[in-house]
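my_file.cif follows; it contains mmCIF, C-alpha atoms and all ligand atoms.
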```cif
data_model
loop_
_atom_site.label_atom_id
_atom_site.label_comp_id
_atom_site.auth_asym_id
_atom_site.auth_seq_id
_atom_site.Cartn_x
_atom_site.Cartn_y
_atom_site.Cartn_z
CA MET A 1 0.00 0.00 0.00
CA THR A 2 1.30 3.46 -0.82
CA GLU A 3 1.15 5.68 2.24
CA PRO A 4 -1.00 8.80 2.03
CA GLU A 5 1.12 11.95 2.08
CA TRP A 6 -0.37 13.24 5.34
CA LEU A 7 0.65 10.03 7.09
CA ALA A 8 4.24 10.24 5.89
CA ASN A 9 4.50 13.95 6.72
CA GLY A 10 2.89 13.74 10.15
CA ALA A 11 4.32 10.45 11.37
CA ARG A 12 7.39 12.12 12.93
CA HIS A 13 5.22 14.55 14.82
CA VAL A 14 2.25 12.60 16.10
CA TRP A 15 2.90 10.86 19.42
CA ARG A 16 0.61 7.84 19.42
CA PRO A 17 -1.26 6.31 22.40
CA TYR A 18 0.14 3.33 24.35
CA CYS A 19 2.89 3.08 21.80
CA GLN A 20 6.60 2.37 21.71
CA MET A 21 7.10 4.77 18.82
CA LYS A 22 10.39 3.19 17.76
CA THR A 23 9.21 -0.36 17.22
CA ALA A 24 5.44 -0.25 16.70
CA PRO A 25 4.07 -1.04 13.26
CA ALA A 26 2.68 1.96 11.36
CA PRO A 27 -0.95 2.79 12.12
CA LEU A 28 -3.59 2.04 9.49
CA PRO A 29 -4.79 5.17 7.66
CA VAL A 30 -8.59 5.44 7.84
CA ALA A 31 -10.31 7.44 5.11
CA ARG A 32 -13.96 6.92 6.11
CA THR A 33 -16.22 4.97 8.41
CA GLU A 34 -19.65 3.50 7.73
CA GLY A 35 -21.83 1.25 9.87
CA ALA A 36 -19.57 -1.39 11.38
CA ARG A 37 -16.77 -0.76 8.85
CA LEU A 38 -13.53 1.20 8.73
CA ILE A 39 -12.59 2.11 5.16
CA LEU A 40 -8.84 2.49 4.74
CA ALA A 41 -7.02 4.96 2.52
CA ASP A 42 -6.36 2.24 -0.05
CA GLY A 43 -10.05 1.34 -0.20
CA ARG A 44 -9.83 -1.83 1.93
CA GLU A 45 -12.75 -2.33 4.35
CA LEU A 46 -12.19 -3.68 7.84
CA VAL A 47 -14.99 -5.03 10.00
CA ASP A 48 -14.63 -3.27 13.34
CA GLY A 49 -14.47 -5.68 16.26
CA ILE A 50 -13.95 -3.13 19.04
CA SER A 51 -16.17 -0.15 18.18
CA SER A 52 -13.28 2.31 18.45
CA TRP A 53 -12.46 1.69 22.10
CA TRP A 54 -16.08 0.65 22.82
CA THR A 55 -17.68 3.94 21.77
CA ALA A 56 -19.48 3.35 18.45
CA CYS A 57 -22.35 1.25 19.81
CA HIS A 58 -24.75 2.12 16.96
CA GLY A 59 -22.04 1.84 14.33
CA TYR A 60 -20.31 4.75 12.62
CA ASN A 61 -21.94 7.73 10.87
CA HIS A 62 -25.40 6.90 12.12
CA PRO A 63 -27.70 9.23 10.14
CA HIS A 64 -29.79 10.20 13.18
CA ILE A 65 -26.76 11.20 15.27
CA ARG A 66 -25.13 12.91 12.32
CA ALA A 67 -28.23 15.01 11.65
CA ALA A 68 -28.51 16.03 15.32
CA VAL A 69 -24.86 17.13 15.41
CA GLN A 70 -25.22 19.02 12.12
CA ALA A 71 -28.28 20.90 13.38
CA GLN A 72 -26.48 21.81 16.61
CA LEU A 73 -23.42 22.91 14.63
CA GLU A 74 -25.59 25.48 12.86
CA ALA A 75 -27.15 26.70 16.12
CA ALA A 76 -24.18 26.85 18.52
CA PRO A 77 -21.16 24.52 18.44
CA HIS A 78 -19.99 25.53 21.88
CA VAL A 79 -20.66 27.90 24.73
CA MET A 80 -19.13 27.90 28.19
CA PHE A 81 -21.23 26.18 30.86
CA GLY A 82 -20.45 28.63 33.67
CA GLY A 83 -23.39 31.00 33.91
CA LEU A 84 -24.88 29.87 30.57
CA ALA A 85 -27.27 27.04 29.78
CA HIS A 86 -28.27 25.21 26.61
CA GLU A 87 -31.02 22.78 25.73
CA PRO A 88 -28.91 19.77 24.67
CA ALA A 89 -27.22 19.52 28.09
CA TYR A 90 -30.34 20.18 30.16
CA ARG A 91 -32.37 17.68 28.17
CA LEU A 92 -29.59 15.12 28.38
CA ALA A 93 -29.21 15.47 32.16
CA ALA A 94 -32.95 15.01 32.68
CA ARG A 95 -33.03 11.98 30.37
CA LEU A 96 -30.05 10.31 32.04
CA ALA A 97 -31.61 10.90 35.46
CA ALA A 98 -34.85 9.31 34.27
CA LEU A 99 -33.07 6.27 32.80
CA LEU A 100 -30.74 5.58 35.72
CA PRO A 101 -31.99 3.54 38.67
CA GLY A 102 -32.55 4.88 42.17
CA ASP A 103 -31.94 8.55 42.85
CA LEU A 104 -28.90 8.97 40.59
CA GLU A 105 -30.15 12.29 39.31
CA HIS A 106 -27.48 15.00 39.54
CA VAL A 107 -25.36 15.05 36.40
CA PHE A 108 -21.95 16.74 36.21
CA PHE A 109 -20.60 16.77 32.65
CA ALA A 110 -16.96 16.59 31.53
CA GLU A 111 -15.13 15.63 28.32
CA SER A 112 -13.33 12.39 29.03
CA GLY A 113 -13.79 9.26 31.06
CA SER A 114 -10.71 9.79 33.21
CA VAL A 115 -11.83 13.29 34.10
CA SER A 116 -15.30 12.07 35.11
CA VAL A 117 -13.65 9.55 37.44
CA GLU A 118 -11.48 12.35 38.88
CA ILE A 119 -14.67 14.35 39.47
CA ALA A 120 -16.42 11.38 41.11
CA MET A 121 -13.40 11.00 43.43
CA LYS A 122 -13.39 14.71 44.21
CA MET A 123 -17.15 14.60 44.95
CA ALA A 124 -16.57 11.69 47.33
CA LEU A 125 -13.75 13.45 49.19
CA GLN A 126 -15.73 16.66 49.54
CA PHE A 127 -18.91 14.81 50.51
CA TRP A 128 -17.23 13.83 53.76
CA ILE A 129 -15.50 17.19 54.25
CA ASN A 130 -18.82 19.01 53.80
CA ARG A 131 -20.43 16.67 56.31
CA GLY A 132 -17.70 17.45 58.83
CA VAL A 133 -16.19 13.96 58.82
CA ALA A 134 -12.40 14.32 58.87
CA GLY A 135 -9.80 11.82 57.71
CA LYS A 136 -11.61 10.14 54.82
CA SER A 137 -8.95 11.00 52.27
CA ASN A 138 -8.20 7.66 50.55
CA PHE A 139 -9.90 5.33 48.10
CA LEU A 140 -10.33 1.59 47.94
CA ALA A 141 -10.11 0.04 44.49
CA PHE A 142 -9.92 -3.49 43.16
CA LEU A 143 -7.26 -5.67 41.61
CA GLY A 144 -7.86 -5.96 37.87
CA GLY A 145 -9.50 -2.54 37.75
CA TYR A 146 -8.90 0.32 35.31
CA HIS A 147 -10.24 3.83 35.79
CA GLY A 148 -8.16 6.06 33.52
CA ASP A 149 -4.76 7.49 32.69
CA THR A 150 -4.66 10.76 34.65
CA LEU A 151 -2.60 10.88 37.84
CA GLY A 152 -5.55 10.57 40.23
CA THR A 153 -7.13 7.68 38.36
CA MET A 154 -3.81 5.90 37.78
CA ALA A 155 -3.59 5.49 41.55
CA VAL A 156 -6.82 3.45 41.59
CA CYS A 157 -5.89 1.18 38.66
CA ASP A 158 -4.52 -2.31 39.27
CA PRO A 159 -0.92 -1.66 40.30
CA GLU A 160 0.51 -4.75 38.53
CA GLU A 161 -1.74 -5.46 35.57
CA GLY A 162 -2.37 -1.81 34.78
CA MET A 163 -0.39 0.36 32.44
CA HIS A 164 0.98 2.49 35.23
CA ALA A 165 3.36 0.22 37.17
CA LEU A 166 6.29 2.57 36.44
CA PHE A 167 4.72 5.25 38.58
CA ALA A 168 4.06 3.07 41.61
CA GLY A 169 6.38 5.07 43.87
CA VAL A 170 5.05 8.46 42.79
CA LEU A 171 1.29 8.08 43.01
CA PRO A 172 -0.72 8.46 46.21
CA GLN A 173 -0.98 5.04 47.84
CA GLN A 174 -4.58 3.89 47.61
CA ILE A 175 -5.94 0.71 49.14
CA MET A 176 -6.18 -2.29 46.81
CA ALA A 177 -8.40 -5.26 47.53
CA ARG A 178 -9.72 -8.38 45.86
CA LEU A 179 -13.29 -8.16 44.58
CA PRO A 180 -15.65 -9.97 46.98
CA VAL A 181 -16.33 -12.82 44.56
CA ASP A 182 -16.92 -15.43 47.27
CA ALA A 183 -17.49 -15.75 51.02
CA ALA A 184 -13.76 -15.68 51.84
CA SER A 185 -12.98 -12.54 49.84
CA GLU A 186 -16.14 -10.90 51.16
CA ALA A 187 -15.02 -11.58 54.73
CA ALA A 188 -11.56 -10.22 53.92
CA LEU A 189 -13.00 -7.02 52.48
CA ASP A 190 -15.36 -6.69 55.43
CA ALA A 191 -12.38 -6.95 57.80
CA LEU A 192 -10.31 -4.50 55.77
CA LEU A 193 -13.15 -1.98 55.83
CA ALA A 194 -13.74 -2.53 59.55
CA ALA A 195 -10.12 -1.53 60.14
CA ARG A 196 -9.69 1.25 57.58
CA ALA A 197 -13.08 2.76 56.70
CA PRO A 198 -12.34 5.93 58.74
CA GLU A 199 -9.67 6.81 56.15
CA ILE A 200 -11.68 5.73 53.06
CA ALA A 201 -13.90 8.17 51.14
CA ALA A 202 -15.17 5.69 48.56
CA MET A 203 -14.73 2.32 46.86
CA LEU A 204 -14.52 2.30 43.06
CA VAL A 205 -15.48 -0.60 40.84
CA GLU A 206 -16.20 -1.32 37.19
CA PRO A 207 -19.44 -3.28 37.44
CA ARG A 208 -19.76 -6.69 35.72
CA ILE A 209 -16.64 -6.39 33.54
CA GLN A 210 -13.26 -5.03 34.50
CA GLY A 211 -12.40 -3.84 31.00
CA ALA A 212 -8.94 -2.53 30.21
CA GLY A 213 -7.49 -4.54 33.12
CA GLY A 214 -8.18 -7.78 31.24
CA MET A 215 -11.90 -8.18 30.47
CA ILE A 216 -12.47 -9.96 33.79
CA PHE A 217 -16.12 -10.80 34.57
CA HIS A 218 -17.84 -11.00 37.94
CA ASP A 219 -21.38 -11.84 39.06
CA ASP A 220 -23.98 -9.26 39.97
CA GLU A 221 -23.96 -10.59 43.54
CA VAL A 222 -20.48 -9.01 43.89
CA LEU A 223 -22.04 -5.60 43.29
CA ARG A 224 -24.80 -6.19 45.81
CA ARG A 225 -22.17 -7.26 48.37
CA LEU A 226 -20.24 -4.05 47.71
CA ARG A 227 -23.40 -2.02 48.26
CA ARG A 228 -24.03 -3.76 51.60
CA LEU A 229 -20.39 -3.35 52.70
CA ALA A 230 -20.34 0.33 51.69
CA ASP A 231 -23.45 0.97 53.79
CA ARG A 232 -22.21 -1.07 56.74
CA HIS A 233 -18.86 0.73 56.87
CA GLN A 234 -19.93 4.24 55.85
CA VAL A 235 -17.96 4.60 52.64
CA LEU A 236 -19.35 5.83 49.32
CA LEU A 237 -19.62 3.48 46.36
CA ILE A 238 -18.61 4.61 42.86
CA PHE A 239 -19.55 2.52 39.81
CA ASP A 240 -17.39 3.27 36.79
CA GLU A 241 -19.72 2.31 33.90
CA ILE A 242 -17.59 4.04 31.28
CA PHE A 243 -17.12 0.71 29.48
CA VAL A 244 -20.24 -1.27 30.43
CA GLY A 245 -22.82 1.55 30.25
CA PHE A 246 -25.28 1.82 27.35
CA GLY A 247 -26.19 -1.77 26.82
CA ARG A 248 -22.83 -3.47 26.45
CA THR A 249 -23.61 -6.17 29.06
CA GLY A 250 -27.26 -6.61 28.04
CA ASP A 251 -28.82 -4.03 30.40
CA LEU A 252 -28.81 -0.35 29.58
CA PHE A 253 -26.74 0.16 32.73
CA ALA A 254 -25.06 -2.60 34.71
CA CYS A 255 -26.22 -1.11 38.02
CA GLU A 256 -29.83 -1.34 36.85
CA GLY A 257 -29.50 -4.99 35.87
CA ALA A 258 -27.54 -5.89 38.99
CA GLY A 259 -29.96 -4.26 41.40
CA ALA A 260 -27.19 -2.32 43.15
CA VAL A 261 -27.28 1.46 42.97
CA PRO A 262 -24.02 3.32 43.58
CA ASP A 263 -23.67 6.75 45.20
CA ILE A 264 -21.86 8.10 42.13
CA LEU A 265 -21.79 6.69 38.60
CA THR A 266 -19.42 7.59 35.77
CA LEU A 267 -20.34 7.39 32.07
CA SER A 268 -18.47 8.13 28.85
CA LYS A 269 -17.35 5.98 25.86
CA ALA A 270 -20.73 5.04 24.24
CA LEU A 271 -22.50 8.10 25.72
CA THR A 272 -22.37 9.94 22.37
CA GLY A 273 -22.58 6.79 20.27
CA GLY A 274 -18.89 7.21 19.48
CA THR A 275 -19.08 10.57 17.78
CA LEU A 276 -17.79 13.21 20.19
CA PRO A 277 -16.00 13.26 23.55
CA LEU A 278 -18.30 13.58 26.54
CA SER A 279 -18.52 12.11 30.03
CA ALA A 280 -20.60 12.48 33.14
CA ALA A 281 -20.33 11.87 36.87
CA VAL A 282 -23.86 11.29 38.15
CA ALA A 283 -24.47 11.72 41.88
CA SER A 284 -27.26 10.39 44.06
CA ARG A 285 -29.48 12.77 45.96
CA ARG A 286 -27.62 12.08 49.22
CA VAL A 287 -24.27 13.04 47.65
CA PHE A 288 -25.71 16.15 46.01
CA GLU A 289 -27.35 17.28 49.24
CA ALA A 290 -23.99 17.39 51.00
CA PHE A 291 -23.07 20.25 48.63
CA TRP A 292 -26.43 22.09 48.90
CA SER A 293 -25.75 24.92 51.33
CA ASP A 294 -25.72 28.67 51.95
CA ASP A 295 -21.96 28.37 52.31
CA PRO A 296 -20.15 29.05 48.99
CA GLY A 297 -17.24 27.02 50.33
CA ALA A 298 -19.35 23.87 50.20
CA ALA A 299 -19.76 24.08 46.40
CA LEU A 300 -18.07 21.67 43.99
CA MET A 301 -15.26 23.76 42.51
CA HIS A 302 -14.87 22.11 39.14
CA GLY A 303 -15.66 23.12 35.56
CA PRO A 304 -13.80 21.80 32.52
CA THR A 305 -13.64 24.38 29.70
CA TYR A 306 -15.47 22.18 27.23
CA MET A 307 -17.85 20.68 29.79
CA ALA A 308 -21.28 19.78 28.36
CA ASN A 309 -20.18 20.72 24.84
CA PRO A 310 -23.45 21.24 22.93
CA LEU A 311 -22.39 19.18 19.91
CA ALA A 312 -21.49 16.26 22.17
CA CYS A 313 -24.72 16.60 24.16
CA ALA A 314 -26.74 16.72 20.93
CA ALA A 315 -25.00 13.51 19.83
CA ALA A 316 -25.75 11.90 23.20
CA ASN A 317 -29.43 12.84 23.01
CA ALA A 318 -29.60 11.36 19.52
CA SER A 319 -27.88 8.21 20.75
CA LEU A 320 -30.45 7.91 23.57
CA ASP A 321 -33.23 8.25 20.94
CA LEU A 322 -31.76 5.19 19.24
CA PHE A 323 -31.89 3.23 22.49
CA GLU A 324 -35.52 4.22 23.09
CA ASP A 325 -37.23 1.60 20.91
CA GLY A 326 -35.43 -1.16 22.84
CA ARG A 327 -34.36 -3.02 19.70
CA TRP A 328 -30.72 -2.90 20.87
CA ARG A 329 -31.57 -5.62 23.41
CA ALA A 330 -32.27 -8.24 20.77
CA LYS A 331 -29.14 -7.16 18.91
CA VAL A 332 -26.94 -7.58 22.00
CA THR A 333 -28.52 -10.99 22.68
CA ARG A 334 -27.83 -12.03 19.08
CA ILE A 335 -24.23 -10.79 19.28
CA ALA A 336 -23.72 -12.69 22.55
CA ALA A 337 -24.90 -15.92 20.90
CA ALA A 338 -22.73 -15.34 17.81
CA LEU A 339 -19.65 -14.59 19.91
CA ALA A 340 -20.20 -17.63 22.12
CA GLU A 341 -20.59 -19.93 19.14
CA GLY A 342 -17.77 -18.42 17.09
CA LEU A 343 -15.18 -18.20 19.88
CA GLU A 344 -15.91 -21.54 21.57
CA PRO A 345 -13.57 -23.50 19.23
CA CYS A 346 -10.63 -21.45 20.60
CA ARG A 347 -10.98 -23.11 24.01
CA ASP A 348 -8.84 -26.11 23.10
CA ASP A 349 -6.10 -24.19 21.28
CA ALA A 350 -2.52 -23.79 22.49
CA GLY A 351 -1.97 -21.14 25.15
CA VAL A 352 -5.68 -20.42 25.69
CA VAL A 353 -6.80 -20.49 29.32
CA ASP A 354 -10.39 -19.24 28.98
CA VAL A 355 -13.13 -18.27 26.55
CA ARG A 356 -16.00 -16.17 27.92
CA VAL A 357 -18.88 -14.00 26.74
CA ARG A 358 -21.04 -11.48 28.56
CA GLY A 359 -23.47 -9.39 26.52
CA ALA A 360 -21.74 -7.99 23.45
CA VAL A 361 -18.26 -8.75 24.80
CA GLY A 362 -16.39 -11.90 23.81
CA VAL A 363 -12.99 -12.79 25.26
CA VAL A 364 -10.26 -15.33 24.56
CA GLU A 365 -7.71 -15.24 27.36
CA PHE A 366 -4.15 -16.55 27.02
CA GLU A 367 -1.64 -17.68 29.61
CA ARG A 368 0.80 -14.92 28.62
CA ALA A 369 0.69 -11.37 27.23
CA LEU A 370 0.19 -10.97 23.49
CA ASN A 371 1.85 -8.63 21.03
CA ALA A 372 -0.98 -6.27 20.14
CA GLY A 373 0.77 -4.59 17.21
CA THR A 374 1.74 -7.76 15.35
CA LEU A 375 -1.57 -9.49 15.96
CA SER A 376 -3.69 -6.56 14.87
CA GLN A 377 -1.75 -6.59 11.59
CA ARG A 378 -2.67 -10.23 11.14
CA PHE A 379 -6.31 -9.43 11.88
CA ALA A 380 -6.24 -6.55 9.39
CA ALA A 381 -4.96 -8.92 6.73
CA ALA A 382 -8.07 -11.02 7.47
CA GLY A 383 -10.31 -7.95 6.97
CA CYS A 384 -10.90 -7.18 10.66
CA TRP A 385 -9.97 -4.47 13.10
CA ILE A 386 -9.16 -6.26 16.35
CA ARG A 387 -6.58 -5.10 18.87
CA PRO A 388 -5.53 -7.54 21.59
CA MET A 389 -4.92 -6.15 25.06
CA GLY A 390 -2.58 -7.72 27.60
CA LYS A 391 -3.39 -11.43 27.74
CA VAL A 392 -6.70 -11.21 25.90
CA ILE A 393 -8.07 -11.03 22.41
CA TYR A 394 -11.55 -9.58 22.75
CA LEU A 395 -14.44 -8.49 20.60
CA ALA A 396 -16.84 -5.65 21.51
CA PRO A 397 -18.48 -4.95 18.15
CA PRO A 398 -21.09 -2.29 17.33
CA TYR A 399 -24.64 -3.50 18.06
CA VAL A 400 -25.52 -3.08 14.38
CA SER A 401 -22.95 -5.69 13.27
CA SER A 402 -24.50 -8.12 10.78
CA GLY A 403 -24.36 -11.88 11.18
CA GLY A 404 -21.82 -12.01 8.37
CA ASP A 405 -19.60 -9.40 10.03
CA LEU A 406 -19.72 -11.26 13.34
CA GLU A 407 -18.75 -14.47 11.57
CA ARG A 408 -15.83 -12.72 9.93
CA LEU A 409 -14.67 -11.41 13.32
CA THR A 410 -14.93 -14.69 15.22
CA GLY A 411 -13.55 -16.58 12.24
CA ALA A 412 -10.48 -14.33 12.18
CA VAL A 413 -9.95 -14.79 15.92
CA ALA A 414 -10.33 -18.57 15.66
CA LYS A 415 -7.89 -18.69 12.74
CA VAL A 416 -5.22 -16.53 14.40
CA VAL A 417 -5.55 -18.48 17.65
CA ARG A 418 -5.26 -21.80 15.82
CA GLU A 419 -2.14 -20.59 13.99
CA GLY A 420 -0.59 -19.69 17.34
CA ALA A 421 -1.35 -16.24 18.69
CA LEU A 422 1.29 -16.61 21.38
CA ALA A 423 4.04 -17.31 18.85
CA SER A 424 4.46 -13.58 18.28
CA ALA A 425 4.12 -12.70 21.95
CA ALA A 426 7.70 -11.61 22.59
CA GLY A 427 8.11 -8.01 23.69
CA ALA A 428 4.45 -7.20 24.21
CA VAL A 429 4.64 -3.49 24.82
CA GLU A 430 1.40 -2.01 23.68
CA ALA A 431 -1.64 -2.36 25.82
CA VAL A 432 -5.05 -1.09 24.86
C1 LIG B 1 -11.86 4.03 29.09
C2 LIG B 1 -12.15 4.00 30.53
C3 LIG B 1 -11.81 5.08 31.37
C4 LIG B 1 -11.07 6.28 30.87
O1 LIG B 1 -11.77 6.99 29.91
P1 LIG B 1 -10.99 8.04 28.96
O2 LIG B 1 -12.07 8.67 28.16
O3 LIG B 1 -10.05 7.21 28.13
O4 LIG B 1 -10.28 8.98 29.84
C5 LIG B 1 -12.14 4.98 32.70
N1 LIG B 1 -12.80 3.92 33.19
C6 LIG B 1 -13.15 2.88 32.42
C7 LIG B 1 -13.89 1.73 33.02
C8 LIG B 1 -12.82 2.87 31.07
O5 LIG B 1 -13.14 1.81 30.31
#
```
The structure given in the file should be rewritten as structure tokens.
Ligand SMILES: *Cc1c(COP(=O)(O)O)cnc(C)c1O
Amino acid sequence: MTEPEWLANGARHVWRPYCQMKTAPAPLPVARTEGARLILADGRELVDGISSWWTACHGYNHPHIRAAVQAQLEAAPHVMFGGLAHEPAYRLAARLAALLPGDLEHVFFAESGSVSVEIAMKMALQFWINRGVAGKSNFLAFLGGYHGDTLGTMAVCDPEEGMHALFAGVLPQQIMARLPVDAASEAALDALLAARAPEIAAMLVEPRIQGAGGMIFHDDEVLRRLRRLADRHQVLLIFDEIFVGFGRTGDLFACEGAGAVPDILTLSKALTGGTLPLSAAVASRRVFEAFWSDDPGAALMHGPTYMANPLACAAANASLDLFEDGRWRAKVTRIAAALAEGLEPCRDDAGVVDVRVRGAVGVVEFERALNAGTLSQRFAAAGCWIRPMGKVIYLAPPYVSSGGDLERLTGAVAKVVREGALASAAGAVEAV
């Protein structure tokens, strides 16, 4: 393939994500997107197996979202959110509050997932300060977890598996625990909280699937245990639904399906259907009320410049419209069945330790880390965009993926696994 000129000219200047710039293969130049396809500069079409980091749930260039963004672009692409208001954000906040379970009804917008987690953490710290409870200045997070790449969120990612091990000595030391997946780990967490709750503002968890930390699944009972433990020991509970929110696990929100309502919830990724950056930290009434005061000092002092960007909010409202008819449920169920059937043959292949599916997420886990760069080149040669992560090859396709596209994706995974995915494992540097 001849490289487009812009790629050759810019390659020296663009610093790519999660990338050893010296050794990584060149990125694939994308000219267009359409539905579940990436169309490359040379005209090749790749079936997208990961929805652009789990954002493009309705597929790319959805006409309804595109029209909403275009209309908003004519009206007002952006205004600051301090002292000004606009319909897309106010409508979106009210709709999210109506969709979310319990009294999660106070929506604070930001532009990226990591920043929404930072805001949730800041809310939790100040919740206790405003209530006059001193000393609750740490967080408890779980092994296998991932909550972002900014300094505050790095400290609550898995210290070993995560992408931030280098910084271990620099970050604030947060408390790491095992998820309460059984009676023994529940008792251990109960004991840990009994001893240390006075210094803990909140526990953070990715409900149902710990995503970037390795696509690790847990049962809904784990989330109900966390809710009980948080109440018993007086710590707040934060659910980070940035990956699992908006239908990915079969319920619109994992907390709704699991019957466990957190005190603060974070959303991003599929919030705008994969068109524009937007995130939200949604607080329960109890959390919000701790800030409701005649004292200006009790206010939440936060306000990203591009918070509640009207284009992004218009896209999110349009994405919610697409969820409204409920047809996504049948699509996710169909994807789950196709992934289970298509990936099952990998179970007996060399180096594979597990094959699992939950909702529209399918995972093949290996005993050792994989080389993401080399393997994604092999997948591209098979007409698929799939990027392994750590020890897993996973699929999280758009909900609009056709049966044929799903077969191409699982077929490519099965083929690469059969030919020996671990063979090219040496020097696995890249992560997500
Ligand atoms: C992706 C992700 C984040 C970080 O979101 P960014 O938009 O990349 O900052 C945080 N938490 C979870 C669970 C995620 O999957």
6 Å contact set for Ser51 of chain A, only C-alpha atoms, chain neighbours under 5 positions out, as a list in words: Ala56, Pro397 and Pro398 of chain A
When you draw a straight line from atom CA of Trp385 of chain A to atom CA of Ala68 of chain A, how long is it in Å?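 Atom-to-atom, atom CA of Trp385 of chain A to atom CA of Ala68 of chain A, that is 27.7 Å.
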For segment 40-49 of chain A, what centre and edge lengths in Å (one decimal) does the axis-aligned box get once 5 Å is added on each side of all its listed atoms, as AutoDock Vina command-line options?
```
--center_x -10.7 --center_y -0.4 --center_z 8.0 --size_x 18.6 --size_y 20.6 --size_z 26.5
```
Give me, as JSON lines, the closest atom pair and its distance (Å, one decimal) for every residue of chain A within a cut-off of 10 Å of ligand LIG 1 (chain B), counting only C-alpha atoms and all ligand atoms, rows sorted by chain and rising number.
```
{"residue": "A:Trp53", "atom": "CA", "partner": "B:LIG1", "partner_atom": "C1", "distance": 7.4}
{"residue": "A:Trp54", "atom": "CA", "partner": "B:LIG1", "partner_atom": "O5", "distance": 8.1}
{"residue": "A:Thr55", "atom": "CA", "partner": "B:LIG1", "partner_atom": "C1", "distance": 9.4}
{"residue": "A:Ala110", "atom": "CA", "partner": "B:LIG1", "partner_atom": "O2", "distance": 9.9}
{"residue": "A:Glu111", "atom": "CA", "partner": "B:LIG1", "partner_atom": "O2", "distance": 7.6}
{"residue": "A:Ser112", "atom": "CA", "partner": "B:LIG1", "partner_atom": "O2", "distance": 4.0}
{"residue": "A:Gly113", "atom": "CA", "partner": "B:LIG1", "partner_atom": "O1", "distance": 3.2}
{"residue": "A:Ser114", "atom": "CA", "partner": "B:LIG1", "partner_atom": "O4", "distance": 3.5}
{"residue": "A:Val115", "atom": "CA", "partner": "B:LIG1", "partner_atom": "O4", "distance": 6.3}
{"residue": "A:Ser116", "atom": "CA", "partner": "B:LIG1", "partner_atom": "O4", "distance": 7.9}
{"residue": "A:Val117", "atom": "CA", "partner": "B:LIG1", "partner_atom": "C5", "distance": 6.8}
{"residue": "A:Glu118", "atom": "CA", "partner": "B:LIG1", "partner_atom": "C5", "distance": 9.6}
{"residue": "A:Gly145", "atom": "CA", "partner": "B:LIG1", "partner_atom": "C7", "distance": 7.7}
{"residue": "A:Tyr146", "atom": "CA", "partner": "B:LIG1", "partner_atom": "C7", "distance": 5.7}
{"residue": "A:His147", "atom": "CA", "partner": "B:LIG1", "partner_atom": "N1", "distance": 3.6}
{"residue": "A:Gly148", "atom": "CA", "partner": "B:LIG1", "partner_atom": "C4", "distance": 3.9}
{"residue": "A:Asp149", "atom": "CA", "partner": "B:LIG1", "partner_atom": "O4", "distance": 6.4}
{"residue": "A:Thr150", "atom": "CA", "partner": "B:LIG1", "partner_atom": "O4", "distance": 7.6}
{"residue": "A:Thr153", "atom": "CA", "partner": "B:LIG1", "partner_atom": "C5", "distance": 8.0}
{"residue": "A:Met154", "atom": "CA", "partner": "B:LIG1", "partner_atom": "C5", "distance": 9.8}
{"residue": "A:Cys157", "atom": "CA", "partner": "B:LIG1", "partner_atom": "N1", "distance": 9.2}
{"residue": "A:Val205", "atom": "CA", "partner": "B:LIG1", "partner_atom": "C7", "distance": 8.3}
{"residue": "A:Glu206", "atom": "CA", "partner": "B:LIG1", "partner_atom": "C7", "distance": 5.7}
{"residue": "A:Pro207", "atom": "CA", "partner": "B:LIG1", "partner_atom": "C7", "distance": 8.7}
{"residue": "A:Ile209", "atom": "CA", "partner": "B:LIG1", "partner_atom": "C7", "distance": 8.6}
{"residue": "A:Gln210", "atom": "CA", "partner": "B:LIG1", "partner_atom": "C7", "distance": 6.9}
{"residue": "A:Gly211", "atom": "CA", "partner": "B:LIG1", "partner_atom": "O5", "distance": 5.7}
{"residue": "A:Ala212", "atom": "CA", "partner": "B:LIG1", "partner_atom": "O5", "distance": 6.0}
{"residue": "A:Gly213", "atom": "CA", "partner": "B:LIG1", "partner_atom": "O5", "distance": 9.0}
{"residue": "A:Phe239", "atom": "CA", "partner": "B:LIG1", "partner_atom": "C7", "distance": 8.9}
{"residue": "A:Asp240", "atom": "CA", "partner": "B:LIG1", "partner_atom": "C7", "distance": 5.4}
{"residue": "A:Glu241", "atom": "CA", "partner": "B:LIG1", "partner_atom": "C7", "distance": 5.9}
{"residue": "A:Ile242", "atom": "CA", "partner": "B:LIG1", "partner_atom": "C7", "distance": 4.7}
{"residue": "A:Phe243", "atom": "CA", "partner": "B:LIG1", "partner_atom": "O5", "distance": 4.2}
{"residue": "A:Val244", "atom": "CA", "partner": "B:LIG1", "partner_atom": "C7", "distance": 7.5}
{"residue": "A:Gly245", "atom": "CA", "partner": "B:LIG1", "partner_atom": "C7", "distance": 9.4}
{"residue": "A:Thr266", "atom": "CA", "partner": "B:LIG1", "partner_atom": "N1", "distance": 8.0}
{"residue": "A:Leu267", "atom": "CA", "partner": "B:LIG1", "partner_atom": "N1", "distance": 8.4}
{"residue": "A:Ser268", "atom": "CA", "partner": "B:LIG1", "partner_atom": "O2", "distance": 6.5}
{"residue": "A:Lys269", "atom": "CA", "partner": "B:LIG1", "partner_atom": "O2", "distance": 6.4}
{"residue": "A:Pro277", "atom": "CA", "partner": "B:LIG1", "partner_atom": "O2", "distance": 7.6}
{"residue": "A:Leu278", "atom": "CA", "partner": "B:LIG1", "partner_atom": "O2", "distance": 8.1}
{"residue": "A:Ser279", "atom": "CA", "partner": "B:LIG1", "partner_atom": "O2", "distance": 7.5}
{"residue": "A:Val432", "atom": "CA", "partner": "B:LIG1", "partner_atom": "C1", "distance": 9.5}
```
